[in-house]
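Have a look at the structure below before the remarks.
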Amino acid sequence: MIALSVRNLVKRYKNFKLEIPELILESGYIMALLGRNGAGKTTLIRCILDFAKKECGEVFIFQQPFDCDKVDIKQRIGIVFENPVFPTHLKPKELKEIMKGFYKSWDEKLYKNLCDLFEIEQNKSIFQLSKGTVMKLSIALALAHKPDLLILDEPTSGLDPVARNQFVEILQSFVQSEEKAVFYSTHIVSDIENVADFVTIIDKGKIICSTNTEEIQNSFCIVKGSAADVDKLLKSSIIALKKSSMIFEALCKKNCLKDEFRSYFVFEKPSIEKFYVMLVRKDDNDEKVLDIM
Ligand SMILES: Nc1ncnc2c1ncn2[C@@H]1O[C@H](COP(=O)(O)OP(=O)(O)OP(=O)(O)O)[C@@H](O)[C@H]1O
């Protein structure tokens with residue numbers, strides 16, 4: 001089942017254009033959405049959820065055209081934003097009662113377990129809670145109605161490392177069910193390193209790479225060596241190159257690397273973070289040979 005698909009989406013602001021020709025996320029998988037500040041991640045998520053008006057394009061959720069009037073589909077979506085906007089005079093238990101009234105599949109026991117796990121105080125007003133606790137509350141509320149699609153915009157910003165670790169474990173068990181999917185924007189790439197099945201990288205409003213994470217390890221390689229030897233590499237194998245006067249580091253296509261290079265260079269498997277940073281960073285000394293797929 002396709003949980004989320006986007007076709008020919010265009011959204012424009014002054015000096016910014018988001019263009020997403022196609023994006024598909026199947027149930028059973030986690031897709032990480034990565035991109036630098038201002039790349040367009042939140043704009044894409046807002047367009048998907050119909051919180052921002054698209055210039056053109058279509059969004060399908062569970063294979064049905066989606067807009068904010070589709071109440072049945074909204075019942076099956078859990079959303080976490082980086083800056084949750086809650087009525088801050090309410091206590092978590094009061095806000096929970098409101099949310100519970102909206103969602104047919106609300107699971108009180110699950111909500112309680114999440115609140116216990118995250119140690120969310122129920123009797124303070126939300127404005128008295130720490131930033132991280134408000135985020136934990138937002139996560140608990142998003143999960144407690146057992147959504148089939150989780151859409152997360154930097155859900156772990158402000159969480160301590162223990163809470164981030166707990167959250168990642170929750171996501172892993174969430175997608176154990178083949179009906180569940182997660183679309184997850186983050187800057188904390190280490191959080192998704194071992195859990196994301198797919199990675200979509202956007203830069204200046206455009207997808208520059210959308211691939212499964214195994215493919216990153218299987219098809220690409222980080223090559224390091226002396227700057228004097230860099231010309232031994234085939235130009236066509238280099239996707240991104242960072243060079244100083246002494247050394248270089250390159251993201252290369254694995255199938256273009258010859259075994260004899262091992263006497264000159266060090267080969268490493270790229271982490272998602274390394275792959276992403278090499279693709280999107282732009283320094284004066286970097287050479288970029290994009291269009292990788
Ligand atoms: N309501 C708006 N009006 C005008 N411009 C906007 C609006 N919202 C976003 N933008 C612009 O759209 C671009 C993309 O912003 P967006 O918030 O989607 O980036 P992002 O990838 O989520 O960034 P970050 O990682 O910093 O949160 C930026 O240039 C931003 O200034």
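For the structure tokens, the naming scheme is as follows: chains receive sequential letters (A, B, ...) according to their order of presentation, residues are indexed from 1 within each chain, and ligands are indexed from 1 in presentation order.
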Can you pull out the residues contacting segment 40-43 of chain A? Cut-off 9 Å, using only C-alpha atoms, and skip same-chain residues under 3 positions away; I want them as number ranges by chain.
A: 11, 16-18, 33-37, 46-48, 52, 81, 153, 185-186, 202-206
Write down as a PyMOL selection string the residues belonging to segment 11-229 of chain A that are assigned helix (DSSP H, G or I) by DSSP computed on the backbone.
chain A and resi 41-48+71-74+92-102+108-118+126-128+131-143+161-174+189-192+213-219+227-229
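Of note, atom CA of Val80 of chain A and atom CA of Tyr184 of chain A are spaced 9.4 Å apart.
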Separation of atom CA of Asp72 of chain A from atom CA of Met99 of chain A in Å:
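The value is 15.1 Å.
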Go through segment 58-256 of chain A and collect every residue that DSSP, computed from the backbone, puts in strand (DSSP E); the answer should be as a VMD selection string.
chain A and resid 58 to 61 64 to 65 77 to 80 149 to 153 181 to 185 198 to 203 206 to 212 220 to 226 238 to 243 247 to 253
Same residues, C-alpha atoms, output as a CSV table (one decimal), in the first residue's frame:
chain,number,residue,atom,x,y,z
A,58,GLU,CA,-1.3,16.5,-6.1
A,59,VAL,CA,-0.9,14.7,-2.8
A,60,PHE,CA,-2.3,11.3,-2.2
A,61,ILE,CA,-2.5,9.7,1.2
A,64,GLN,CA,-6.7,8.9,-2.0
A,65,PRO,CA,-6.4,12.6,-3.0
A,77,ILE,CA,-2.4,10.6,10.3
A,78,GLY,CA,-0.2,11.6,13.3
A,79,ILE,CA,1.6,14.9,13.0
A,80,VAL,CA,4.5,16.3,15.0
A,149,LEU,CA,1.0,7.5,8.7
A,150,LEU,CA,3.3,9.6,10.9
A,151,ILE,CA,4.5,12.9,9.5
A,152,LEU,CA,7.2,14.4,11.6
A,153,ASP,CA,9.0,17.8,11.2
A,181,ALA,CA,4.7,4.5,7.5
A,182,VAL,CA,6.8,7.4,8.8
A,183,PHE,CA,7.8,10.6,6.9
A,184,TYR,CA,10.5,12.2,9.0
A,185,SER,CA,12.3,15.5,8.6
A,198,PHE,CA,14.7,5.6,2.5
A,199,VAL,CA,16.3,9.0,2.4
A,200,THR,CA,15.1,12.0,0.4
A,201,ILE,CA,17.5,14.9,0.3
A,202,ILE,CA,16.3,18.3,-0.9
A,203,ASP,CA,18.3,21.4,-1.7
A,206,LYS,CA,14.5,20.4,-5.3
A,207,ILE,CA,15.1,16.7,-4.7
A,208,ILE,CA,18.7,16.0,-5.3
A,209,CYS,CA,18.6,12.4,-4.2
A,210,SER,CA,15.9,9.9,-3.1
A,211,THR,CA,17.1,6.4,-2.5
A,212,ASN,CA,16.9,3.5,-0.1
A,220,PHE,CA,28.7,4.6,-3.0
A,221,CYS,CA,32.0,4.9,-1.3
A,222,ILE,CA,34.0,7.6,0.5
A,223,VAL,CA,37.6,7.7,-1.0
A,224,LYS,CA,40.4,9.5,0.9
A,225,GLY,CA,43.9,10.1,-0.2
A,226,SER,CA,46.7,12.5,-1.0
A,238,ILE,CA,33.3,11.3,-8.5
A,239,ILE,CA,30.0,12.7,-7.2
A,240,ALA,CA,31.4,15.2,-4.8
A,241,LEU,CA,35.0,16.2,-4.0
A,242,LYS,CA,36.5,18.1,-1.1
A,243,LYS,CA,40.1,18.9,-1.6
A,247,ILE,CA,44.4,15.7,1.1
A,248,PHE,CA,41.1,15.0,-0.6
A,249,GLU,CA,37.9,13.3,0.3
A,250,ALA,CA,35.5,12.2,-2.4
A,251,LEU,CA,32.1,10.6,-2.6
A,252,CYS,CA,32.3,8.1,-5.5
A,253,LYS,CA,30.3,5.6,-7.3
Taking only C-alpha atoms and all ligand atoms into account, name the residue in A:Thr88, A:Ser5, A:Ser157, A:Ser105 that is nearest to ligand 1.
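Under the stated criterion, the closest residue is A:Ser157.
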Show which residues sit within 12 Å of His89 of chain A, as a PyMOL selection string. Count only C-alpha atoms, and ignore same-chain residues fewer than 6 positions away.
chain A and resi 95+123-129
Could you turn the residues from that selection into a file that holds N, CA and C atoms, as a PDB file, in the first residue's frame?
ATOM      1  N   LEU A  95      -5.762  18.768  27.554  1.00  0.00           N
ATOM      2  CA  LEU A  95      -5.554  18.739  26.094  1.00  0.00           C
ATOM      3  C   LEU A  95      -5.844  17.335  25.556  1.00  0.00           C
ATOM      4  N   ASN A 123      -0.202  17.533  35.562  1.00  0.00           N
ATOM      5  CA  ASN A 123      -0.938  18.531  36.340  1.00  0.00           C
ATOM      6  C   ASN A 123      -0.388  19.946  36.252  1.00  0.00           C
ATOM      7  N   LYS A 124       0.644  20.128  35.440  1.00  0.00           N
ATOM      8  CA  LYS A 124       1.124  21.497  35.221  1.00  0.00           C
ATOM      9  C   LYS A 124       0.484  22.024  33.943  1.00  0.00           C
ATOM     10  N   SER A 125       0.328  23.342  33.847  1.00  0.00           N
ATOM     11  CA  SER A 125      -0.135  23.907  32.575  1.00  0.00           C
ATOM     12  C   SER A 125       0.997  23.782  31.555  1.00  0.00           C
ATOM     13  N   ILE A 126       0.613  23.732  30.276  1.00  0.00           N
ATOM     14  CA  ILE A 126       1.631  23.499  29.241  1.00  0.00           C
ATOM     15  C   ILE A 126       2.701  24.595  29.260  1.00  0.00           C
ATOM     16  N   PHE A 127       2.310  25.845  29.581  1.00  0.00           N
ATOM     17  CA  PHE A 127       3.322  26.904  29.581  1.00  0.00           C
ATOM     18  C   PHE A 127       4.373  26.708  30.687  1.00  0.00           C
ATOM     19  N   GLN A 128       4.055  25.819  31.657  1.00  0.00           N
ATOM     20  CA  GLN A 128       5.022  25.553  32.740  1.00  0.00           C
ATOM     21  C   GLN A 128       5.947  24.376  32.406  1.00  0.00           C
ATOM     22  N   LEU A 129       5.678  23.721  31.281  1.00  0.00           N
ATOM     23  CA  LEU A 129       6.509  22.562  30.917  1.00  0.00           C
ATOM     24  C   LEU A 129       7.754  23.016  30.165  1.00  0.00           C
TER      25      LEU A 129
END
Please determine, counting only C-alpha atoms and all ligand atoms, which residue among A:Asn83, A:Ser271, A:Ser27, A:Asn8 has the shortest atom-to-atom distance to ligand 1.
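That would be A:Asn83, the residue with the smallest distance to ligand 1.
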Of the candidates A:Gln166, A:Asp259, A:Lys146, A:Glu268, which shows the shortest atom-to-atom distance to Lys74 of chain A, using only C-alpha atoms?
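For Lys74 of chain A, the nearest of the given residues is A:Lys146.
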Go through A:Lys112, A:Tyr29, A:Arg7, A:Ala142 and flag the residue nearest Pro84 of chain A, using only C-alpha atoms for the distances.
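Checking each of A:Lys112, A:Tyr29, A:Arg7, A:Ala142 against Pro84 of chain A, counting only C-alpha atoms, the winner is A:Ala142.
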Taking 5 positions as the minimum chain separation for residues in the same chain, which residues sit within 12 Å of Pro161 of chain A when counting only C-alpha atoms? Answer as a ChimeraX atom specification.
/A:132,156,166-168,188,190-191
